[in-house]
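File shown: protein-v2.cif. Contents: mmCIF, C-alpha atoms.
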```cif
data_run
#
loop_
_atom_site.label_atom_id
_atom_site.label_comp_id
_atom_site.auth_asym_id
_atom_site.auth_seq_id
_atom_site.Cartn_x
_atom_site.Cartn_y
_atom_site.Cartn_z
CA MET A 17 -11.12 -12.58 2.41
CA GLU A 18 -10.31 -15.81 4.22
CA ALA A 19 -9.64 -15.74 7.96
CA VAL A 20 -6.23 -17.22 8.79
CA PHE A 21 -6.18 -16.42 12.52
CA GLU A 22 -8.68 -14.92 14.95
CA TRP A 23 -8.21 -13.83 18.56
CA LYS A 24 -10.48 -12.60 21.31
CA TYR A 25 -7.31 -11.50 23.08
CA ILE A 26 -3.63 -12.41 22.87
CA ASP A 27 -1.99 -15.09 24.98
CA TYR A 28 1.50 -16.54 24.79
CA LEU A 29 3.11 -19.96 24.75
CA TRP A 30 4.45 -19.75 28.28
CA ILE A 31 7.26 -21.84 29.74
CA SER A 32 4.73 -23.09 32.30
CA GLU A 33 1.36 -22.16 33.78
CA VAL A 34 3.19 -21.08 36.94
CA THR A 35 5.22 -18.59 34.88
CA ARG A 36 2.02 -17.28 33.31
CA GLN A 37 0.31 -16.76 36.66
CA GLU A 38 3.38 -14.99 38.05
CA ALA A 39 3.40 -12.68 35.02
CA ILE A 40 -0.26 -11.83 35.62
CA GLN A 41 0.29 -11.16 39.33
CA ASN A 42 3.35 -8.98 38.64
CA GLY A 43 1.62 -6.95 35.92
CA ILE A 44 3.96 -8.29 33.25
CA TYR A 45 1.06 -9.87 31.35
CA ASP A 46 -2.30 -8.12 31.00
CA PHE A 47 -4.23 -9.36 27.96
CA SER A 48 -6.40 -6.23 27.91
CA ARG A 49 -3.29 -4.19 27.06
CA ILE A 50 -2.07 -6.26 24.10
CA LEU A 51 -2.76 -4.92 20.61
CA PRO A 52 -1.41 -6.68 17.49
CA MET A 53 -0.05 -4.18 14.96
CA ASP A 54 1.52 -5.92 11.97
CA VAL A 55 1.89 -9.27 10.23
CA ASP A 56 4.35 -10.85 7.82
CA LYS A 57 5.02 -14.33 6.48
CA SER A 58 8.47 -15.84 5.94
CA LYS A 59 9.43 -18.16 3.10
CA ASP A 60 9.35 -21.16 5.45
CA GLY A 61 5.73 -20.40 6.34
CA ARG A 62 6.16 -18.80 9.76
CA ILE A 63 3.76 -15.98 10.59
CA PHE A 64 5.23 -13.04 12.50
CA ILE A 65 3.10 -10.63 14.53
CA SER A 66 4.19 -7.39 16.24
CA PHE A 67 2.45 -5.85 19.25
CA LEU A 68 2.23 -2.32 20.58
CA GLY A 69 4.68 -2.06 23.47
CA MET A 70 3.16 -1.00 26.79
CA THR A 71 2.96 -2.14 30.39
CA GLY A 72 1.37 -5.59 30.45
CA VAL A 73 2.85 -6.71 27.13
CA PRO A 74 5.53 -9.32 27.93
CA ALA A 75 6.84 -9.62 24.35
CA THR A 76 6.22 -7.24 21.46
CA LEU A 77 7.27 -9.60 18.63
CA ALA A 78 6.19 -13.21 18.16
CA THR A 79 5.35 -16.03 15.78
CA VAL A 80 1.95 -17.71 15.68
CA THR A 81 2.02 -21.31 16.93
CA GLU A 82 -0.26 -24.24 16.14
CA GLN A 83 -1.29 -24.47 19.77
CA LYS A 84 -4.67 -23.02 20.70
CA GLY A 85 -5.82 -21.33 23.88
CA PRO A 86 -9.27 -20.11 24.99
CA SER A 87 -8.67 -16.80 23.18
CA GLY A 88 -7.16 -18.13 19.95
CA PRO A 89 -3.77 -19.33 18.67
CA LEU A 90 -0.95 -18.91 21.18
CA VAL A 91 2.02 -16.79 20.12
CA LYS A 92 5.68 -17.50 20.85
CA PRO A 93 8.12 -14.61 21.51
CA TYR A 94 10.67 -14.14 18.75
CA PRO A 95 13.52 -14.87 18.79
CA ASP A 96 12.81 -16.05 22.37
CA TRP A 97 11.85 -14.77 25.83
CA SER A 98 15.41 -13.57 26.54
CA TRP A 99 14.96 -10.70 24.08
CA PHE A 100 12.24 -9.04 26.18
CA LYS A 101 13.71 -7.72 29.42
CA LYS A 102 12.09 -4.65 30.93
CA GLY A 103 14.50 -1.71 31.12
CA ASP A 104 17.22 -3.46 29.11
CA CYS A 105 18.11 -1.36 26.06
CA ASP A 106 19.81 -4.34 24.41
CA SER A 107 16.43 -6.06 24.43
CA ILE A 108 13.40 -5.30 22.25
CA THR A 109 11.10 -2.67 23.80
CA SER A 110 8.27 -1.91 21.35
CA VAL A 111 7.71 -2.92 17.73
CA TYR A 112 5.04 -1.22 15.62
CA ARG A 113 5.79 -2.83 12.28
CA ILE A 114 8.17 -5.32 10.70
CA ALA A 115 9.40 -6.26 7.22
CA ILE A 116 10.78 -9.42 5.62
CA ASP A 117 12.90 -8.83 2.53
CA GLU A 118 13.79 -10.92 -0.54
CA CYS A 119 16.89 -12.33 1.17
CA ASN A 120 14.93 -13.84 4.06
CA ARG A 121 15.90 -11.17 6.57
CA LEU A 122 13.50 -9.89 9.21
CA TRP A 123 13.75 -6.15 9.89
CA VAL A 124 12.50 -5.13 13.34
CA LEU A 125 11.96 -1.45 14.14
CA ASP A 126 12.09 -0.88 17.90
CA THR A 127 10.79 2.52 19.07
CA GLY A 128 12.68 2.28 22.36
CA PHE A 129 9.76 3.31 24.57
CA LEU A 130 6.47 2.01 25.91
CA GLU A 131 3.18 3.74 25.13
CA GLY A 132 2.36 6.54 27.57
CA GLN A 133 5.83 6.51 29.12
CA ASP A 134 9.01 8.53 28.71
CA ILE A 135 11.55 7.42 26.13
CA LEU A 136 13.59 4.67 27.73
CA CYS A 137 16.11 3.61 25.10
CA GLN A 138 17.49 4.74 21.77
CA PRO A 139 15.36 3.45 18.92
CA GLN A 140 17.01 0.68 16.96
CA LEU A 141 16.70 -1.23 13.72
CA LEU A 142 17.44 -4.93 14.17
CA THR A 143 18.02 -7.45 11.39
CA PHE A 144 17.59 -11.20 11.89
CA ASP A 145 18.62 -13.95 9.49
CA LEU A 146 15.50 -16.11 9.31
CA ASN A 147 17.56 -19.11 8.22
CA THR A 148 19.40 -19.13 11.55
CA ASN A 149 17.22 -16.81 13.71
CA LYS A 150 20.42 -14.96 14.61
CA LEU A 151 20.82 -11.19 14.88
CA ILE A 152 23.03 -10.09 11.99
CA ASN A 153 22.85 -6.31 12.32
CA LYS A 154 21.86 -3.67 14.85
CA ILE A 155 21.60 0.04 14.11
CA LYS A 156 21.11 2.42 17.01
CA ILE A 157 19.33 5.46 15.60
CA PRO A 158 20.79 8.70 17.03
CA ASN A 159 18.33 10.96 18.83
CA HIS A 160 18.93 13.92 16.49
CA ILE A 161 17.81 11.70 13.61
CA ALA A 162 15.06 9.78 15.40
CA ARG A 163 13.34 12.97 16.65
CA ASN A 164 12.36 16.31 15.17
CA LYS A 165 13.41 19.66 16.62
CA LYS A 166 10.46 19.58 19.02
CA ASN A 167 11.71 16.23 20.37
CA GLU A 168 8.70 14.43 18.87
CA THR A 169 9.03 10.91 17.51
CA LEU A 170 7.24 7.68 16.72
CA LEU A 171 9.19 5.39 14.42
CA SER A 172 6.37 3.28 13.08
CA ASN A 173 7.09 1.65 9.75
CA PRO A 174 10.24 0.20 8.08
CA ILE A 175 10.15 -0.25 4.30
CA VAL A 176 13.05 -2.16 2.75
CA GLU A 177 14.38 -1.75 -0.79
CA THR A 178 16.96 -4.25 -2.05
CA GLU A 179 19.05 -4.39 -5.21
CA GLY A 180 20.86 -7.39 -6.65
CA LEU A 181 20.20 -11.12 -6.51
CA PHE A 182 21.79 -11.35 -3.07
CA CYS A 183 20.60 -7.95 -1.78
CA GLU A 184 24.02 -6.40 -2.34
CA LYS A 185 22.47 -2.97 -1.83
CA THR A 186 19.83 -2.40 0.83
CA THR A 187 18.02 0.79 1.82
CA VAL A 188 15.53 1.12 4.66
CA PHE A 189 12.99 3.96 4.77
CA ILE A 190 11.45 4.57 8.20
CA ALA A 191 8.29 6.59 8.86
CA ASP A 192 8.32 8.94 11.86
CA THR A 193 4.60 9.43 12.41
CA PHE A 194 4.66 11.98 15.24
CA GLY A 195 7.93 13.65 14.25
CA HIS A 196 6.75 14.02 10.62
CA GLY A 197 9.87 12.67 8.96
CA ILE A 198 11.41 9.86 6.95
CA ILE A 199 14.64 8.31 8.17
CA VAL A 200 16.83 6.75 5.50
CA TRP A 201 19.54 4.15 6.13
CA ASP A 202 21.46 3.10 3.02
CA GLY A 203 23.83 0.58 4.56
CA GLU A 204 26.48 3.21 5.26
CA GLN A 205 24.87 6.39 6.51
CA ILE A 206 21.63 7.32 8.23
CA PHE A 207 19.86 10.65 7.83
CA ARG A 208 16.53 12.35 8.31
CA LEU A 209 14.23 13.98 5.76
CA GLU A 210 11.41 16.36 6.62
CA SER A 211 8.63 17.87 4.54
CA GLN A 212 5.27 19.52 5.02
CA LEU A 213 3.83 16.55 3.11
CA PHE A 214 4.74 14.26 6.02
CA LYS A 215 2.46 16.16 8.42
CA TYR A 216 -1.17 15.44 9.22
CA ASN A 217 -4.05 17.48 7.83
CA GLU A 218 -6.10 19.26 10.48
CA GLU A 219 -9.37 18.53 8.69
CA ALA A 220 -8.60 14.79 8.56
CA LYS A 221 -7.82 14.17 12.25
CA THR A 222 -11.23 12.70 13.07
CA ILE A 223 -11.24 9.03 12.11
CA SER A 224 -14.40 6.93 12.22
CA VAL A 225 -14.68 3.15 11.99
CA GLY A 226 -18.21 1.87 12.48
CA ASN A 227 -19.60 3.30 15.71
CA HIS A 228 -16.19 4.38 17.01
CA THR A 229 -14.66 7.82 16.43
CA LEU A 230 -11.31 9.16 17.59
CA GLU A 231 -9.06 12.13 16.86
CA LEU A 232 -5.66 10.93 15.63
CA ALA A 233 -3.15 13.60 14.64
CA GLY A 234 -0.94 11.08 12.87
CA GLY A 235 1.59 12.09 10.26
CA ILE A 236 3.33 9.85 7.73
CA LEU A 237 2.48 6.21 8.34
CA GLY A 238 1.48 4.10 5.33
CA MET A 239 4.42 3.53 2.97
CA ASP A 240 5.56 1.05 0.34
CA ILE A 241 7.80 0.93 -2.72
CA SER A 242 6.44 0.34 -6.21
CA PRO A 243 7.75 -2.75 -8.04
CA LYS A 244 10.16 -2.54 -10.94
CA ILE A 245 8.71 -4.67 -13.71
CA PHE A 246 10.16 -3.00 -16.82
CA PRO A 247 13.83 -2.45 -17.77
CA GLY A 248 15.14 0.91 -16.60
CA GLU A 249 11.99 1.63 -14.61
CA SER A 250 12.39 3.79 -11.51
CA ARG A 251 10.99 2.75 -8.15
CA PHE A 252 8.97 5.15 -6.04
CA LEU A 253 8.19 5.32 -2.35
CA TYR A 254 4.46 5.92 -2.02
CA PHE A 255 3.42 7.38 1.32
CA ARG A 256 0.54 8.99 3.21
CA PRO A 257 0.01 10.72 6.53
CA LEU A 258 -2.55 8.83 8.60
CA ALA A 259 -4.69 11.94 9.10
CA SER A 260 -5.07 12.86 5.44
CA PHE A 261 -6.88 11.91 2.25
CA ASP A 262 -3.76 12.25 0.11
CA ILE A 263 -1.27 9.99 -1.69
CA TYR A 264 2.27 11.16 -2.41
CA PHE A 265 5.36 9.57 -3.91
CA ALA A 266 9.03 10.22 -4.65
CA ASN A 267 11.78 8.46 -6.58
CA THR A 268 13.77 6.26 -4.20
CA LYS A 269 17.03 7.33 -5.88
CA GLN A 270 16.27 10.94 -5.03
CA LEU A 271 15.36 9.99 -1.46
CA ARG A 272 18.67 8.14 -1.08
CA ARG A 273 20.52 11.27 -2.23
CA GLY A 274 18.52 13.45 0.14
CA GLY A 275 21.20 13.18 2.80
CA THR A 276 23.60 15.16 0.62
CA GLY A 277 21.14 18.00 0.22
CA ASP A 278 19.96 17.08 -3.28
CA SER A 279 16.44 18.22 -4.06
CA ILE A 280 13.60 15.71 -3.97
CA ASN A 281 10.69 15.99 -6.37
CA PHE A 282 7.57 14.97 -4.44
CA LEU A 283 4.52 14.15 -6.55
CA GLY A 284 0.99 13.08 -5.71
CA ARG A 285 -2.64 14.02 -5.36
CA GLN A 286 -4.49 15.65 -2.48
CA ASN A 287 -8.00 14.69 -1.34
CA ILE A 288 -7.99 11.62 -3.54
CA LEU A 289 -9.13 9.12 -0.90
CA SER A 290 -12.70 8.92 0.39
CA SER A 291 -11.45 8.37 3.97
CA GLN A 292 -8.22 7.95 5.90
CA ALA A 293 -6.21 4.81 5.18
CA VAL A 294 -3.92 2.89 7.53
CA GLY A 295 -1.73 0.10 6.13
CA GLN A 296 -0.74 -0.20 2.48
CA ALA A 297 1.28 -2.53 0.24
CA PHE A 298 2.12 -3.05 -3.44
CA SER A 299 1.59 -6.23 -5.42
CA SER A 300 4.13 -7.38 -8.01
CA ASP A 301 2.06 -5.89 -10.85
CA GLY A 302 1.88 -2.42 -9.29
CA THR A 303 -1.45 -2.57 -7.45
CA LEU A 304 -1.39 -0.53 -4.25
CA PHE A 305 -3.73 -1.93 -1.59
CA LEU A 306 -5.02 0.39 1.14
CA GLY A 307 -6.75 -0.27 4.45
CA MET A 308 -9.68 2.16 4.35
CA THR A 309 -11.16 3.30 7.68
CA LYS A 310 -14.67 4.68 7.16
CA GLU A 311 -15.52 2.13 4.47
CA ILE A 312 -14.12 -0.70 6.65
CA ALA A 313 -12.63 -2.08 3.48
CA ILE A 314 -9.61 -2.74 1.29
CA GLY A 315 -9.23 -0.27 -1.54
CA CYS A 316 -6.77 -0.39 -4.42
CA TRP A 317 -5.22 1.53 -7.27
CA ASN A 318 -2.81 0.38 -9.98
CA ARG A 319 0.19 2.64 -10.49
CA TYR A 320 0.12 2.10 -14.26
CA LYS A 321 -3.13 4.04 -14.32
CA THR A 322 -3.66 7.74 -13.62
CA LEU A 323 -3.67 8.62 -9.93
CA ASP A 324 -7.28 9.71 -9.85
CA LYS A 325 -10.35 9.01 -7.72
CA SER A 326 -11.98 7.28 -10.68
CA ASN A 327 -9.23 4.63 -10.69
CA ILE A 328 -9.51 3.75 -6.99
CA GLU A 329 -11.85 0.89 -6.15
CA ILE A 330 -13.04 -1.02 -3.10
CA VAL A 331 -12.25 -4.72 -3.62
CA SER A 332 -13.19 -6.15 -0.21
CA GLN A 333 -15.57 -4.79 2.41
CA ASP A 334 -16.56 -6.33 5.73
CA ASN A 335 -18.00 -4.32 8.62
CA GLU A 336 -17.07 -7.01 11.11
CA ARG A 337 -13.70 -8.35 9.99
CA LEU A 338 -11.98 -5.39 8.33
CA GLN A 339 -12.16 -2.89 11.18
CA TYR A 340 -8.90 -0.92 11.05
CA ALA A 341 -6.57 -2.72 8.62
CA ASN A 342 -3.40 -1.75 10.44
CA GLY A 343 -0.97 -4.24 8.89
CA ILE A 344 -1.00 -5.01 5.16
CA LYS A 345 1.53 -7.16 3.31
CA VAL A 346 1.72 -8.76 -0.11
CA ILE A 347 3.25 -12.24 0.22
CA THR A 348 5.10 -13.15 -2.96
CA ILE A 349 5.27 -16.52 -4.68
CA SER A 350 7.89 -18.92 -3.28
CA ASN A 351 8.43 -22.66 -2.80
CA ASN A 352 5.80 -22.63 -0.05
CA GLN A 353 3.59 -19.98 -1.66
CA THR A 354 1.84 -20.86 -4.93
CA ASP A 355 -0.15 -17.63 -5.32
CA GLU A 356 0.72 -14.04 -4.57
CA GLU A 357 -1.51 -13.12 -1.63
CA LEU A 358 -2.64 -10.05 0.25
CA TRP A 359 -2.42 -10.49 4.03
CA VAL A 360 -4.23 -8.07 6.32
CA LEU A 361 -4.10 -7.68 10.10
CA THR A 362 -7.12 -5.89 11.59
CA ASN A 363 -7.11 -4.79 15.23
CA ARG A 364 -10.09 -2.54 16.04
CA PHE A 365 -7.55 0.10 17.04
CA ILE A 366 -10.05 2.86 17.77
CA GLY A 367 -12.19 0.63 19.98
CA PHE A 368 -9.01 -0.45 21.79
CA GLN A 369 -7.96 3.16 22.38
CA LEU A 370 -11.42 3.97 23.73
CA GLY A 371 -11.37 0.94 26.04
CA GLN A 372 -14.42 -0.54 24.35
CA LEU A 373 -13.22 -3.99 23.26
CA ASN A 374 -15.12 -7.03 24.50
CA SER A 375 -12.76 -9.91 25.30
CA ASN A 376 -15.61 -12.39 24.80
CA GLU A 377 -15.76 -11.72 21.06
CA ILE A 378 -13.27 -11.78 18.19
CA ASN A 379 -11.25 -8.53 18.14
CA PHE A 380 -8.12 -9.28 16.12
CA ARG A 381 -7.80 -11.06 12.79
CA VAL A 382 -5.35 -12.00 10.10
CA LEU A 383 -7.05 -12.35 6.72
CA LYS A 384 -5.73 -13.31 3.30
CA SER A 385 -6.77 -13.49 -0.34
CA PRO A 386 -5.03 -14.18 -3.66
CA VAL A 387 -4.21 -10.85 -5.25
CA LYS A 388 -5.78 -11.91 -8.56
CA THR A 389 -9.03 -12.79 -6.81
CA LEU A 390 -9.24 -9.23 -5.50
CA THR A 391 -8.24 -7.39 -8.67
CA THR A 392 -9.63 -9.43 -11.59
CA GLY A 393 -12.36 -7.46 -13.33
CA THR A 394 -11.69 -4.29 -11.31
CA LYS A 395 -10.07 -0.95 -12.07
CA CYS A 396 -6.96 -2.25 -10.28
CA GLU A 397 -6.39 -5.04 -12.78
CA ILE A 398 -3.35 -4.35 -14.91
CA SER A 399 -4.31 -3.32 -18.46
CA ALA A 400 -4.02 -5.85 -21.28
CA LYS A 401 -1.28 -3.86 -23.01
CA THR A 402 0.78 -3.52 -19.84
CA GLN A 403 0.23 -7.20 -19.03
CA PHE A 404 1.41 -8.22 -22.51
CA ALA A 405 4.59 -6.17 -22.22
CA TYR A 406 5.20 -7.54 -18.72
CA GLU A 407 4.86 -11.13 -19.94
CA GLN A 408 7.25 -10.53 -22.83
CA ILE A 409 10.10 -9.23 -20.68
CA ASN A 410 9.71 -12.21 -18.36
CA LYS A 411 10.35 -14.69 -21.17
CA ASP A 412 13.64 -16.57 -21.20
CA ASP A 413 15.34 -14.27 -23.71
CA GLY A 414 14.47 -11.16 -21.69
CA THR A 415 13.55 -9.26 -24.86
CA LEU A 416 10.84 -6.65 -24.66
CA ILE A 417 8.37 -6.97 -27.55
CA LEU A 418 5.89 -4.15 -27.86
CA GLN A 419 2.43 -4.87 -29.22
CA ASP A 420 1.48 -3.03 -32.41
#
```
File written out as structure tokens:
Amino acid sequence: MEAVFEWKYIDYLWISEVTRQEAIQNGIYDFSRILPMDVDKSKDGRIFISFLGMTGVPATLATVTEQKGPSGPLVKPYPDWSWFKKGDCDSITSVYRIAIDECNRLWVLDTGFLEGQDILCQPQLLTFDLNTNKLINKIKIPNHIARNKKNETLLSNPIVETEGLFCEKTTVFIADTFGHGIIVWDGEQIFRLESQLFKYNEEAKTISVGNHTLELAGGILGMDISPKIFPGESRFLYFRPLASFDIYFANTKQLRRGGTGDSINFLGRQNILSSQAVGQAFSSDGTLFLGMTKEIAIGCWNRYKTLDKSNIEIVSQDNERLQYANGIKVITISNNQTDEELWVLTNRFIGFQLGQLNSNEINFRVLKSPVKTLTTGTKCEISAKTQFAYEQINKDDGTLILQD
């Protein structure tokens, strides 16, 4: 995979050097405390990065600038510095992951608290119009929905499903990693779903990446929605607890009806992965990419093939550059994007947690590769029959012609 950005540590595009020095002296900026978590690319080419919110992190959401510092590309707070005011619940407190949808909207999931500190604010889901950079919606998530009955919570991952050419219908599925739940917002109501499948597996808590090992009792984290490429085809939310070797999925229509008490048919396979996986994302042809931990690699599986170990394959492995693939996105074709690409943010999370990062070497990376480059000739490549049918329904007349 090609390196797009590399950082030894994170530094910002400050208003002035005086402002930067004041932030250091006041403990507002401490580069040793800044951990990038997720990446996404907008249609106009901007690259968005989120950062784990904690003391010493002046802004937890930013875009990558063309200006370079000693540590790597400087980042610029998004929308601007005014959105990051300590103790202000109308500001942005901590963003684990983000999502950009088909209608050029940026969805920002704010946990409402800093790492290692008490909950400060209600969690919130913010929506920005990337054409204007203006806030167009804010949803304050009630505590009884954001937390489980034990008061546990970590809202970590927003996955957006849209319907219609202009996103007339939008649903957001939110992973609660420590509270073991999925929060669903359908544009009108917001509700919480819980299941034993959202919880971590005791035997999978120990995660190893290279020479680093850490116990992480993380529940549901990696999620994405399968594409709809055939007429009448259902879409499924595929999900995994962090501390597990399993892959599960459920029909998004059933999940949307879950707030009314309708039953949800969860499907999947246990112990199908060779190690824990972190980020995940679907390509347009149904290939699910996974950030594998022990292998220090990107694995994949195509949903039009049986969910079986024999159909999962490693398509990129790099002991140095793929340590902990925390953020994974598939960037679709657009006016500024000629090929569908897989983008991966790696952050050496376990080394960071253990306090073992060396700020004199590269620690954080954003990598990319054309999806076809990764999947061609592998088990994740769509079958010839499925590819033929897919090409037929994308012809001008929209008629599906089945091969004899």
At what distance in Å, to one decimal, does CA of Gly195 in chain A lie from CA of Asn167 in chain A?
->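 Those two atoms sit 7.6 Å apart.
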Of the candidates A:Asp278, A:Asp56, A:Glu118, A:Asp46, which one gets nearest to Thr71 in chain A if we count only C-alpha atoms?
-> A:Asp46
Near Ile157 in chain A, counting only C-alpha atoms, which residues have an atom at most 7 Å away, once you skip same-chain residues fewer than 3 positions from it, shown as a VMD selection string?
-> chain A and resid 138 to 140 161 to 162
Between CA of Asp54 in chain A and CA of Thr109 in chain A, what is the spacing in Å?
-> 15.6 Å
List the residues selected by the PyMOL selection byres ((chain A and resi 80-82) around 9) in the file shown, writing them as a list in words.
->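 For this structure, the PyMOL selection byres ((chain A and resi 80-82) around 9) captures Phe21, Leu29, Arg62, Ile63, Phe64, Ile65, Ala78, Thr79, Gln83, Lys84, Pro89, Leu90, Val91 and Lys92 of chain A.
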Take the residues that were just selected and, keeping C-alpha atoms, output them as a PDB file, in the coordinates of the input.
```
ATOM      1  CA  PHE A  21      -6.180 -16.420  12.520  1.00  0.00           C
ATOM      2  CA  LEU A  29       3.110 -19.960  24.750  1.00  0.00           C
ATOM      3  CA  ARG A  62       6.160 -18.800   9.760  1.00  0.00           C
ATOM      4  CA  ILE A  63       3.760 -15.980  10.590  1.00  0.00           C
ATOM      5  CA  PHE A  64       5.230 -13.040  12.500  1.00  0.00           C
ATOM      6  CA  ILE A  65       3.100 -10.630  14.530  1.00  0.00           C
ATOM      7  CA  ALA A  78       6.190 -13.210  18.160  1.00  0.00           C
ATOM      8  CA  THR A  79       5.350 -16.030  15.780  1.00  0.00           C
ATOM      9  CA  GLN A  83      -1.290 -24.470  19.770  1.00  0.00           C
ATOM     10  CA  LYS A  84      -4.670 -23.020  20.700  1.00  0.00           C
ATOM     11  CA  PRO A  89      -3.770 -19.330  18.670  1.00  0.00           C
ATOM     12  CA  LEU A  90      -0.950 -18.910  21.180  1.00  0.00           C
ATOM     13  CA  VAL A  91       2.020 -16.790  20.120  1.00  0.00           C
ATOM     14  CA  LYS A  92       5.680 -17.500  20.850  1.00  0.00           C
TER      15      LYS A  92
END
```
Can you list what the PyMOL selection byres ((chain A and resi 103) around 12) grabs from this structure, as a list in words?
->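 Output from the PyMOL selection byres ((chain A and resi 103) around 12), applied to this file: Thr71, Trp99, Phe100, Lys101, Lys102, Asp104, Cys105, Asp106, Ser107, Ile108, Thr109, Ser110, Gly128, Phe129, Leu130, Asp134, Ile135, Leu136, Cys137 and Gln138 of chain A.
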Length of the CA of Leu125 in chain A to CA of Met308 in chain A vector [Å] =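 Separation between CA of Leu125 in chain A and CA of Met308 in chain A: 24.0 Å.
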Out of A:Glu210, A:Glu177, A:Glu357, A:Glu219, which residue has the shortest atom-to-atom distance to Asp240 in chain A when counting only C-alpha atoms?
-> A:Glu177
Select, counting only C-alpha atoms, all protein, DNA and RNA residues no farther than 6 Å from (5.4, 14.6, -0.2) in file coordinates, and express the selection as JSON, numbers by chain.
-> {"A": [213, 264, 282]}
Residue contacts of range 143-153 of chain A (8 Å, all atoms listed in the file) excluding same-chain residues fewer than 4 positions away, as a ChimeraX atom specification | /A:58,95,120-124
Using only C-alpha atoms, pick whichever of A:Leu361, A:Leu289, A:Cys183, A:Ile236 has the shortest atom-to-atom distance to Leu51 in chain A.
-> A:Leu361
Written coordinates, C-alpha atoms of range 162-214 of chain A as a short mmCIF file (atom, residue, chain, number, x, y, z; two decimals), in the first residue's frame:
```cif
data_model
loop_
_atom_site.label_atom_id
_atom_site.label_comp_id
_atom_site.auth_asym_id
_atom_site.auth_seq_id
_atom_site.Cartn_x
_atom_site.Cartn_y
_atom_site.Cartn_z
CA ALA A 162 -25.97 6.22 25.32
CA ARG A 163 -25.22 3.97 28.32
CA ASN A 164 -26.13 0.47 29.42
CA LYS A 165 -27.74 -0.34 32.77
CA LYS A 166 -24.31 -0.46 34.42
CA ASN A 167 -23.68 3.11 33.23
CA GLU A 168 -20.97 1.90 30.82
CA THR A 169 -20.46 3.58 27.48
CA LEU A 170 -18.02 4.31 24.68
CA LEU A 171 -19.69 5.51 21.49
CA SER A 172 -16.97 4.68 19.01
CA ASN A 173 -18.19 4.23 15.46
CA PRO A 174 -20.96 5.86 13.34
CA ILE A 175 -22.08 3.97 10.22
CA VAL A 176 -24.43 5.84 7.88
CA GLU A 177 -27.00 4.26 5.55
CA THR A 178 -28.74 6.50 3.02
CA GLU A 179 -31.63 5.89 0.62
CA GLY A 180 -32.60 7.95 -2.39
CA LEU A 181 -30.62 10.11 -4.80
CA PHE A 182 -30.65 13.01 -2.34
CA CYS A 183 -30.41 10.92 0.85
CA GLU A 184 -34.12 11.35 1.56
CA LYS A 185 -33.86 8.62 4.19
CA THR A 186 -30.85 8.39 6.47
CA THR A 187 -30.11 5.95 9.29
CA VAL A 188 -27.07 6.05 11.56
CA PHE A 189 -25.90 2.96 13.46
CA ILE A 190 -23.56 3.71 16.38
CA ALA A 191 -21.35 1.15 18.13
CA ASP A 192 -21.16 1.32 21.93
CA THR A 193 -17.95 -0.60 22.57
CA PHE A 194 -17.91 -0.63 26.38
CA GLY A 195 -21.69 -0.59 26.84
CA HIS A 196 -22.12 -3.47 24.35
CA GLY A 197 -24.90 -1.93 22.30
CA ILE A 198 -25.92 -0.45 18.97
CA ILE A 199 -27.68 2.90 18.94
CA VAL A 200 -29.95 3.54 15.97
CA TRP A 201 -31.09 6.97 14.78
CA ASP A 202 -33.48 6.89 11.82
CA GLY A 203 -34.03 10.61 11.35
CA GLU A 204 -37.02 10.65 13.70
CA GLN A 205 -36.35 8.46 16.71
CA ILE A 206 -33.30 7.17 18.51
CA PHE A 207 -33.14 3.88 20.39
CA ARG A 208 -30.73 1.33 21.79
CA LEU A 209 -30.27 -2.34 20.91
CA GLU A 210 -28.42 -4.85 23.07
CA SER A 211 -27.34 -8.43 22.44
CA GLN A 212 -24.89 -10.95 23.80
CA LEU A 213 -23.25 -10.83 20.36
CA PHE A 214 -22.14 -7.25 21.02
#
```
